[in-house]
$ cat query_12.txt   # compact mmCIF, C-alpha atoms
# COMPACT_ATOMS: atom_id res chain seq x y z
CA ALA X 1 -7.81 2.24 23.34
CA ARG X 2 -8.68 3.77 20.03
CA LYS X 3 -12.26 4.78 19.38
CA GLN X 4 -14.40 3.01 16.85
CA ALA X 5 -16.77 5.04 14.72
CA PRO X 6 -20.48 4.73 15.57
CA PRO X 7 -22.36 2.33 13.31
CA LEU X 8 -24.87 3.37 10.68
CA ASP X 9 -28.55 3.00 11.56
CA GLY X 10 -30.52 -0.20 11.29
CA ALA X 11 -31.17 -1.98 8.03
CA MET X 12 -28.96 0.40 6.04
CA ALA X 13 -25.92 -0.52 8.10
CA ALA X 14 -26.70 -4.23 7.90
CA ALA X 15 -27.09 -4.14 4.11
CA ALA X 16 -23.95 -2.06 3.58
CA GLY X 17 -21.88 -4.21 5.90
CA MET X 18 -23.11 -7.37 4.24
CA ALA X 19 -22.14 -6.02 0.81
CA VAL X 20 -18.59 -5.20 1.90
CA ALA X 21 -18.25 -8.53 3.69
CA GLN X 22 -19.56 -10.44 0.66
CA ASN X 23 -17.29 -8.55 -1.72
CA LEU X 24 -14.31 -9.19 0.54
CA ALA X 25 -15.15 -12.90 0.76
CA SER X 26 -15.38 -13.09 -3.03
CA VAL X 27 -11.97 -11.45 -3.52
CA ARG X 28 -10.40 -13.63 -0.83
CA SER X 29 -11.79 -16.72 -2.52
CA LYS X 30 -10.26 -15.73 -5.86
CA VAL X 31 -6.92 -14.90 -4.25
CA ALA X 32 -6.89 -18.22 -2.38
CA ALA X 33 -7.73 -20.23 -5.50
CA ILE X 34 -4.88 -18.75 -7.53
CA ALA X 35 -2.51 -18.91 -4.57
CA LYS X 36 -3.19 -22.64 -4.28
CA GLU X 37 -2.62 -23.03 -8.00
CA MET X 38 0.67 -21.12 -7.79
CA SER X 39 1.76 -22.50 -4.39
CA SER X 40 2.07 -18.93 -3.13
CA ASN X 41 0.68 -16.89 -0.25
CA PRO X 42 -0.11 -13.36 -1.48
CA ARG X 43 -1.25 -10.67 0.91
CA LEU X 44 -4.55 -8.90 0.23
CA VAL X 45 -4.55 -5.16 0.99
CA ALA X 46 -7.98 -3.53 1.07
CA VAL X 47 -7.52 -0.03 -0.36
CA SER X 48 -9.80 2.18 1.69
CA LYS X 49 -8.90 5.67 0.44
CA ILE X 50 -11.77 8.17 0.59
CA MET X 51 -13.95 5.55 2.26
CA PRO X 52 -15.55 6.54 5.58
CA VAL X 53 -14.39 4.85 8.76
CA GLU X 54 -17.74 3.06 9.10
CA LYS X 55 -17.26 1.31 5.79
CA VAL X 56 -13.64 0.39 6.52
CA MET X 57 -14.80 -1.09 9.83
CA GLU X 58 -17.15 -3.39 7.93
CA ALA X 59 -14.14 -4.98 6.25
CA TYR X 60 -12.31 -5.06 9.58
CA ASP X 61 -15.26 -6.83 11.21
CA ALA X 62 -15.09 -9.39 8.40
CA GLY X 63 -11.50 -10.16 9.40
CA GLN X 64 -9.48 -7.86 7.13
CA ARG X 65 -6.39 -6.35 8.77
CA HIS X 66 -4.22 -4.94 5.96
CA PHE X 67 -5.56 -1.64 4.61
CA GLY X 68 -4.09 0.80 2.10
CA GLU X 69 -4.36 4.58 2.08
CA ASN X 70 -3.13 7.19 -0.44
CA TYR X 71 -3.28 10.47 1.46
CA VAL X 72 -1.31 11.36 4.59
CA GLN X 73 -3.98 13.62 6.07
CA GLU X 74 -6.72 11.06 5.56
CA LEU X 75 -4.70 8.23 7.09
CA CYS X 76 -3.68 10.41 10.03
CA GLU X 77 -7.38 11.12 10.66
CA LYS X 78 -8.58 7.54 10.23
CA ALA X 79 -5.93 5.57 12.10
CA PRO X 80 -6.64 6.97 15.60
CA GLN X 81 -10.35 6.12 15.16
CA MET X 82 -9.68 2.50 14.32
CA PRO X 83 -8.29 -0.58 16.12
CA ASP X 84 -4.59 -0.86 16.86
CA ASP X 85 -4.14 -4.23 15.20
CA ILE X 86 -4.73 -2.83 11.70
CA LYS X 87 -1.64 -2.95 9.51
CA TRP X 88 -1.68 0.24 7.45
CA HIS X 89 -0.03 0.43 4.03
CA PHE X 90 0.74 3.90 2.73
CA ILE X 91 0.59 3.65 -1.06
CA GLY X 92 0.35 7.27 -2.22
CA ASN X 93 2.87 9.94 -3.11
CA LEU X 94 4.64 10.92 0.10
CA GLN X 95 6.09 14.41 0.29
CA SER X 96 9.24 14.52 2.42
CA ASN X 97 7.77 17.18 4.71
CA LYS X 98 4.82 14.89 5.55
CA ALA X 99 6.94 11.90 6.57
CA LYS X 100 7.17 12.87 10.24
CA ASP X 101 3.41 13.43 10.56
CA LEU X 102 2.75 10.01 9.05
CA VAL X 103 5.21 8.10 11.23
CA LYS X 104 4.23 9.93 14.41
CA THR X 105 0.46 9.70 14.01
CA VAL X 106 0.26 6.12 12.74
CA PRO X 107 2.33 3.88 15.05
CA ASN X 108 0.80 0.79 13.41
CA LEU X 109 2.08 1.82 9.97
CA PHE X 110 3.08 -1.52 8.46
CA VAL X 111 4.77 -0.35 5.28
CA VAL X 112 5.30 2.64 3.03
CA GLU X 113 5.03 1.13 -0.45
CA SER X 114 5.76 4.33 -2.33
CA VAL X 115 9.40 5.27 -1.68
CA ALA X 116 10.55 6.70 -5.01
CA SER X 117 13.77 8.58 -4.27
CA VAL X 118 16.84 8.75 -2.06
CA LYS X 119 15.41 11.95 -0.59
CA GLY X 120 12.13 10.25 0.31
CA ALA X 121 13.89 7.34 1.98
CA THR X 122 16.09 9.73 3.96
CA ALA X 123 13.06 11.70 5.14
CA LEU X 124 11.31 8.55 6.35
CA ASN X 125 14.42 7.35 8.16
CA LYS X 126 14.83 10.73 9.89
CA ALA X 127 11.14 10.67 10.84
CA CYS X 128 11.52 7.26 12.49
CA VAL X 129 14.51 8.51 14.48
CA SER X 130 12.80 11.77 15.41
CA VAL X 131 9.61 10.19 16.79
CA GLY X 132 11.44 7.29 18.42
CA ARG X 133 9.68 4.54 16.47
CA GLU X 134 10.88 1.26 17.99
CA ASP X 135 10.18 -1.15 15.12
CA LEU X 136 11.95 -0.84 11.80
CA LEU X 137 9.63 0.65 9.19
CA ASN X 138 9.04 -1.60 6.22
CA VAL X 139 9.37 0.14 2.86
CA MET X 140 8.99 -0.72 -0.79
CA ILE X 141 10.45 1.10 -3.77
CA GLN X 142 7.81 2.32 -6.20
CA VAL X 143 8.79 1.88 -9.84
CA ASN X 144 7.01 3.81 -12.59
CA THR X 145 6.83 0.92 -15.03
CA SER X 146 4.41 2.72 -17.36
CA GLN X 147 6.72 5.77 -17.55
CA GLU X 148 3.75 8.13 -17.25
CA GLU X 149 4.61 11.64 -16.11
CA SER X 150 1.44 11.74 -14.02
CA LYS X 151 2.58 8.76 -11.94
CA SER X 152 4.92 8.71 -8.98
CA GLY X 153 7.76 6.24 -8.88
CA CYS X 154 11.35 5.99 -9.95
CA GLU X 155 12.70 4.69 -13.23
CA ALA X 156 13.42 0.97 -13.11
CA SER X 157 17.10 1.75 -13.56
CA GLU X 158 17.07 3.93 -10.40
CA ALA X 159 15.65 1.28 -8.07
CA LYS X 160 19.06 -0.24 -7.38
CA THR X 161 20.53 3.12 -6.30
CA ILE X 162 17.64 3.76 -3.90
CA ALA X 163 17.89 0.24 -2.51
CA LEU X 164 21.62 0.60 -1.86
CA HIS X 165 20.99 3.90 -0.08
CA ILE X 166 18.31 2.35 2.14
CA SER X 167 20.60 -0.57 2.98
CA ALA X 168 23.64 1.59 3.75
CA ASP X 169 22.24 4.82 5.18
CA CYS X 170 18.69 4.23 6.49
CA GLN X 171 19.10 2.09 9.59
CA ARG X 172 15.47 2.55 10.70
CA LEU X 173 14.05 1.30 7.39
CA LYS X 174 13.71 -2.27 6.16
CA LEU X 175 13.42 -2.79 2.41
CA ILE X 176 10.88 -5.57 1.83
CA GLY X 177 9.98 -5.20 -1.83
CA LEU X 178 9.11 -3.20 -4.92
CA MET X 179 5.75 -1.78 -5.99
CA THR X 180 4.19 -0.61 -9.22
CA ILE X 181 0.82 0.63 -10.43
CA GLY X 182 1.08 0.23 -14.20
CA LYS X 183 -1.04 2.07 -16.71
CA LEU X 184 -4.67 2.20 -15.62
CA GLY X 185 -7.03 0.64 -18.12
CA ASP X 186 -4.31 -1.08 -20.13
CA PRO X 187 -5.78 -4.45 -21.17
CA ASN X 188 -2.30 -5.96 -21.13
CA PRO X 189 -0.55 -5.19 -17.83
CA GLU X 190 1.95 -8.05 -18.19
CA PRO X 191 4.84 -5.84 -19.40
CA TYR X 192 4.56 -3.74 -16.23
CA PHE X 193 4.60 -6.84 -14.06
CA ALA X 194 7.59 -8.24 -15.95
CA GLN X 195 9.50 -4.96 -15.63
CA LEU X 196 8.95 -4.87 -11.87
CA ALA X 197 10.12 -8.46 -11.53
CA GLN X 198 13.26 -7.62 -13.50
CA ALA X 199 13.91 -4.58 -11.30
CA ARG X 200 13.57 -6.81 -8.24
CA THR X 201 16.14 -9.23 -9.62
CA GLU X 202 18.60 -6.38 -10.17
CA VAL X 203 18.03 -5.02 -6.65
CA GLU X 204 18.47 -8.46 -5.09
CA GLN X 205 21.73 -8.94 -6.97
CA ALA X 206 22.99 -5.51 -5.90
CA LEU X 207 22.19 -6.25 -2.25
CA ASP X 208 23.39 -9.86 -2.44
CA LEU X 209 19.96 -11.16 -1.44
CA PRO X 210 18.48 -14.56 -2.32
CA ARG X 211 16.39 -14.65 -5.49
CA SER X 212 12.73 -13.68 -4.94
CA SER X 213 13.38 -12.74 -1.31
CA LEU X 214 11.93 -9.26 -1.93
CA GLU X 215 8.19 -8.82 -2.41
CA LEU X 216 6.35 -7.68 -5.53
CA SER X 217 3.40 -5.36 -4.85
CA MET X 218 1.44 -5.31 -8.08
CA GLY X 219 -2.13 -5.91 -9.14
CA MET X 220 -5.31 -3.98 -8.33
CA SER X 221 -9.05 -4.55 -8.71
CA GLY X 222 -8.91 -5.09 -12.47
CA ASP X 223 -5.87 -7.34 -12.71
CA PHE X 224 -5.01 -8.82 -9.30
CA GLU X 225 -5.63 -12.39 -10.45
CA LEU X 226 -3.18 -12.06 -13.34
CA ALA X 227 -0.72 -10.27 -11.06
CA ILE X 228 -0.66 -13.20 -8.62
CA ARG X 229 -0.01 -15.57 -11.51
CA LYS X 230 2.93 -13.33 -12.48
CA GLY X 231 4.42 -13.47 -9.02
CA SER X 232 2.75 -10.72 -6.99
CA THR X 233 2.99 -11.19 -3.24
CA ASN X 234 0.88 -8.14 -2.35
CA VAL X 235 -2.29 -7.13 -4.22
CA ARG X 236 -4.11 -3.86 -3.59
CA VAL X 237 -7.87 -4.10 -4.12
CA GLY X 238 -10.24 -1.22 -3.44
CA SER X 239 -13.42 -0.68 -5.46
CA THR X 240 -14.08 -4.41 -5.87
CA ILE X 241 -14.37 -4.62 -2.07
CA PHE X 242 -15.83 -1.24 -1.09
CA GLY X 243 -17.71 -0.24 -4.24
CA ALA X 244 -17.32 2.98 -6.21
CA ARG X 245 -15.46 5.68 -4.33
CA PRO X 246 -17.15 8.99 -3.49
CA PRO X 247 -15.46 12.14 -4.80
CA LYS X 248 -12.36 13.14 -2.86
CA PRO X 249 -13.32 15.98 -0.50
CA PRO X 250 -11.50 19.27 -1.11
CA SER X 251 -8.53 20.09 1.09
CA PRO X 252 -9.16 22.59 3.89
CA ARG X 253 -7.13 25.18 1.97
CA ALA X 254 -9.17 24.69 -1.19
CA ALA X 255 -12.43 24.77 0.76
CA ALA X 256 -11.44 28.00 2.46
CA ALA X 257 -10.66 29.58 -0.90
CA ALA X 258 -13.97 28.53 -2.44

$ encode --input "query_12.txt" --output "structure tokens"
Amino acid sequence: ARKQAPPLDGAMAAAAGMAVAQNLASVRSKVAAIAKEMSSNPRLVAVSKIMPVEKVMEAYDAGQRHFGENYVQELCEKAPQMPDDIKWHFIGNLQSNKAKDLVKTVPNLFVVESVASVKGATALNKACVSVGREDLLNVMIQVNTSQEESKSGCEASEAKTIALHISADCQRLKLIGLMTIGKLGDPNPEPYFAQLAQARTEVEQALDLPRSSLELSMGMSGDFELAIRKGSTNVRVGSTIFGARPPKPPSPRAAAAA
């Protein structure tokens, strides 16, 4: 059995846990209301990057099971400390040489949402074969709809090529959808959502899949309600649930050089 992190002390732990639980309940309520309005059933992913295990466990204790992480090292450290029934979403930039570590260390990895190249898909497929993962690994193709150089993701026009490669050459992967982040702070994210939906249509046609059979992972703390109305099936909410994130700790290499 995996270890659970020790709780915080006394009143501080109770207050912190209550805040996370209340925030989570508020987000769930909003998601459920729009889902009812849209006759949909979107998945809520609690993005727990840079949050300590204790705080993530507060959301777990409130019934949350889908969690998102951005950094391979952090997820590989957290996952063994937390319950096995968590469904981890990897949503950050995945370097090909880290794929094996991720797949090996996190057996309850539910999906990698950030596949952005043929090379990345190939690396994940090889990792699944190498470590003997029994279940197919769900993946999504990340599309850089805002076309920002600082963002990971493929061009919308490249999504079809990556999807065809996954379908033909990556037998240990299962393509379940497309993901985008959009431009942070843009008051009008609708064009990004529309572009992802169009890319999905093109991928479904290329793979001869039924319309809307692939998921759309779009929408974060600032725009998840609008995203659901625009067809999102998977929203990624972090700070609205956990509060402001602490600074990212330096990597061991950077700390050693300091």

$ closest_atom_pairs --input "query_12.txt" --of "segment 94-128 of chain X" --to "segment 138-161 of chain X" --cutoff "8 Å" --atoms "all atoms listed in the file" --output "tab-separated table"
residue	atom	partner	partner_atom	distance
X:Phe110	CA	X:Asn138	CA	6.4
X:Val111	CA	X:Asn138	CA	4.5
X:Val112	CA	X:Val139	CA	4.8
X:Glu113	CA	X:Met140	CA	4.4
X:Ser114	CA	X:Gln142	CA	4.8
X:Val115	CA	X:Ile141	CA	4.8
X:Ala116	CA	X:Gly153	CA	4.8
X:Ser117	CA	X:Cys154	CA	6.7
X:Val118	CA	X:Thr161	CA	8.0

$ atom_distance --input "query_12.txt" --atom1 "atom CA of Arg236 of chain X" --atom2 "atom CA of Asp169 of chain X"
29.1 Å

$ residues_around --input "query_12.txt" --residues "Leu102 of chain X" --least-positions-apart "6" --cutoff "10 Å" --atoms "all atoms listed in the file" --output "ChimeraX atom specification"
/X:71-73,75-76,90,94,109,112,124,127-128

$ residues_around --input "query_12.txt" --residues "Leu136 of chain X" --least-positions-apart "4" --cutoff "10 Å" --atoms "only C-alpha atoms" --output "PDB file with C-alpha atoms, in the frame of the given file"
ATOM      1  CA  PHE X 110       3.080  -1.520   8.460  1.00  0.00           C
ATOM      2  CA  VAL X 111       4.770  -0.350   5.280  1.00  0.00           C
ATOM      3  CA  ASN X 125      14.420   7.350   8.160  1.00  0.00           C
ATOM      4  CA  CYS X 128      11.520   7.260  12.490  1.00  0.00           C
ATOM      5  CA  CYS X 170      18.690   4.230   6.490  1.00  0.00           C
ATOM      6  CA  GLN X 171      19.100   2.090   9.590  1.00  0.00           C
ATOM      7  CA  ARG X 172      15.470   2.550  10.700  1.00  0.00           C
ATOM      8  CA  LEU X 173      14.050   1.300   7.390  1.00  0.00           C
ATOM      9  CA  LYS X 174      13.710  -2.270   6.160  1.00  0.00           C
ATOM     10  CA  LEU X 175      13.420  -2.790   2.410  1.00  0.00           C
TER      11      LEU X 175
END

$ atom_distance --input "query_12.txt" --atom1 "atom CA of Ile228 of chain X" --atom2 "atom CA of Asp85 of chain X"
25.7 Å

$ closest_residue --input "query_12.txt" --among "X:Val237, X:Ala99, X:Ala244, X:Val129" --to "Ile50 of chain X" --atoms "all atoms listed in the file"
X:Ala244

$ atom_distance --input "query_12.txt" --atom1 "atom CA of Gly92 of chain X" --atom2 "atom CA of Leu44 of chain X"
17.1 Å

$ closest_residue --input "query_12.txt" --among "X:Arg65, X:Val106, X:Ile241, X:Glu202" --to "Ser26 of chain X" --atoms "only C-alpha atoms"
X:Ile241

$ residues_around --input "query_12.txt" --residues "Gln95 of chain X" --least-positions-apart "2" --cutoff "9 Å" --atoms "all atoms listed in the file" --output "ChimeraX atom specification"
/X:93,97-99,120,123

$ write_last_selection --input "query_12.txt" --atoms "C-alpha atoms" --output "CSV table (one decimal), in the coordinates of the input"
chain,number,residue,atom,x,y,z
X,93,ASN,CA,2.9,9.9,-3.1
X,97,ASN,CA,7.8,17.2,4.7
X,98,LYS,CA,4.8,14.9,5.6
X,99,ALA,CA,6.9,11.9,6.6
X,120,GLY,CA,12.1,10.2,0.3
X,123,ALA,CA,13.1,11.7,5.1

$ closest_residue --input "query_12.txt" --among "X:Asn23, X:Thr122, X:Gln198, X:Ser217" --to "Ile166 of chain X" --atoms "only C-alpha atoms"
X:Thr122

$ closest_residue --input "query_12.txt" --among "X:Lys100, X:Ala206, X:Thr233, X:Ala163" --to "Phe193 of chain X" --atoms "all atoms listed in the file"
X:Thr233

$ closest_residue --input "query_12.txt" --among "X:Pro80, X:Trp88, X:Ser167, X:Gly63" --to "Val45 of chain X" --atoms "all atoms listed in the file"
X:Trp88

$ residues_near_point --input "query_12.txt" --point "(13.8, -9.6, -9.5)" --cutoff "10 Å" --atoms "only C-alpha atoms" --output "PyMOL selection string"
chain X and resi 177-178+194-205+210-216

$ axis_aligned_box --input "query_12.txt" --around "segment 111-126 of chain X" --padding-each-side "4 Å" --output "AutoDock Vina command-line options"
--center_x 10.8 --center_y 5.8 --center_z 2.4 --size_x 20.1 --size_y 20.3 --size_z 22.9

$ closest_residue --input "query_12.txt" --among "X:Met179, X:Leu226, X:Val56, X:Leu209" --to "Leu164 of chain X" --atoms "only C-alpha atoms"
X:Leu209
